[in-house]
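Enquirer: Got a structure for you, written out below as structure tokens; questions coming shortly.
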Amino acid sequence: MNARRRRGQKDDGSGRPARRGAVIATLTAAALTVSLYGCTGPEPGPEETSSVERGTSYFTGLPARQGPVLAVKIDNVRPARPHTGLGAADIVYVEQVESGLSRILAVFSSRLPPQIGPVRSARESDLELLRQFGRPALAYSGAQSALRPLIESAPVAALPQGEAPDAFVRSGDRPAPHNLYLRPERALAAARDVSDASDIGMRFGAAPGGGRPLEEHTVRYPAARYTFSWSPEQKRWLVAMDGSAARTTDGGRLEASTVVVQHTQVRPSKFRDRSGSVSPYTETVGSGTALVLRDGHAYDARWQRTSADGDTVFTDAAGERLNFAPGQVWVLLTAR
């Protein structure tokens, strides 16, 4: 496992800081004109997406600087929609929560929108999932008292509303608790010792051989469902939640370049919510099967993560690394 680089740290001997220095040194003049948290221009080809030295994101395969990692816990019940800022995320994780509902953990590094939300509370599963990112910032509205010691001891820069009040704002367009939003630049300014983006096992490039043509795929949770419909015109999977097109307040329709349905163990945890419902724990260390959707095709895959600090590696039937399509990645963590 390569060491994760943190902001302001020197080379720890892993070689990653040196590589990042090469990224900065080799950026073209055109790339230097982009904003600190975004990039424009055509999508790169397979060679560009496989080389971090050419200035591509570890999380999307698109041109980007390797910025600090910010994870945000986002509400996802009907009153919380449409979301704000979700289209700018590099990776969108979907997890099961109490009563069979789902919640989103969105990871940002390449781009930061002005606001993200609505923000909700953290769960125990988030801590294991985020270990592969080194020490990311984690923004959330709060957590039950029994969970707080685990968050405080985890390798995350915790940013609950109470500790970073200037980074959060309430909106008047919907009722609480579905109206809390994060100002990500202020959140990162309040965080300390946050890891920059690093290799977590994803690979981007040309589509693998094989695969089955697929126009639509639905992923079901006990009380939630997601449908991904392939758009040949946009070359993206259009996202629907609970039967309705998923849109954002600031970017239009939600769409994914790659969708990963990762089958794993979902078991009861020792925590409960305020109503007494048991909080599920989604295990993200181990191995299992997965279904990868890209370019209008479905690919059977396997995933493996040998330790909490380790990368998550996706392979095809032959055991070779399975390339994702450059762009936003959705990972739906579902019960086996």
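Residues are named by chain letter and number: chains run A, B, ... in the order of the structure tokens, numbers start at 1 in each chain, and ligands are numbered from 1 in the order shown.
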Please provide the set of residues having any atom within 6 Å of range 52-69 of chain A, restricted to only C-alpha atoms, with same-chain residues fewer than 5 positions apart removed, written as a list in words.
Expert: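 Contacts, with the query itself left out: Val23, Asp90, Phe108, Ser109, Ser110, Pro136, Ser195, Asp196, Ala197, Asp199, Phe204, Pro326, Gly327 and Gln328 of chain A.
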Enquirer: Taking 6 positions as the minimum chain separation for residues in the same chain, which residues sit within 9 Å of Glu283 in chain A when counting only C-alpha atoms? Answer as a ChimeraX atom specification.
Expert: /A:125,128-129,264-267,333
Enquirer: Go ahead and save the residues from that selection, with C-alpha atoms, as a CSV table (one decimal), in the first residue's frame.
Expert:
```csv
chain,number,residue,atom,x,y,z
A,125,SER,CA,-19.4,2.3,7.7
A,128,GLU,CA,-13.8,2.0,6.9
A,129,LEU,CA,-14.7,3.1,3.4
A,264,THR,CA,-20.7,-7.0,-0.2
A,265,GLN,CA,-21.7,-8.0,3.3
A,266,VAL,CA,-24.3,-5.7,4.9
A,267,ARG,CA,-24.9,-6.6,8.5
A,333,LEU,CA,-22.7,-0.9,-2.2
```
Enquirer: Tell me, in Å to one decimal, how far CA of Ser145 in chain A is from CA of Val107 in chain A.
Expert: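 CA of Val107 in chain A lies 24.6 Å from CA of Ser145 in chain A.
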Enquirer: For Arg220 in chain A, which residue out of A:Arg305, A:Lys73, A:Arg336, A:Arg321 is the nearest one, using only C-alpha atoms?
Expert: A:Arg336
Enquirer: Nearest to Arg174 in chain A among A:Gly87, A:Pro82, A:Trp303, A:Ala139, with distances taken over only C-alpha atoms: which residue is it?
Expert: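 Looking only at the distances to Arg174 in chain A, the closest residue turns out to be A:Pro82.
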Enquirer: When you count only C-alpha atoms, which of these residues is closest to Ala157 in chain A: A:Glu124, A:Glu215, A:Asp250, A:Asp193?
Expert: A:Asp193
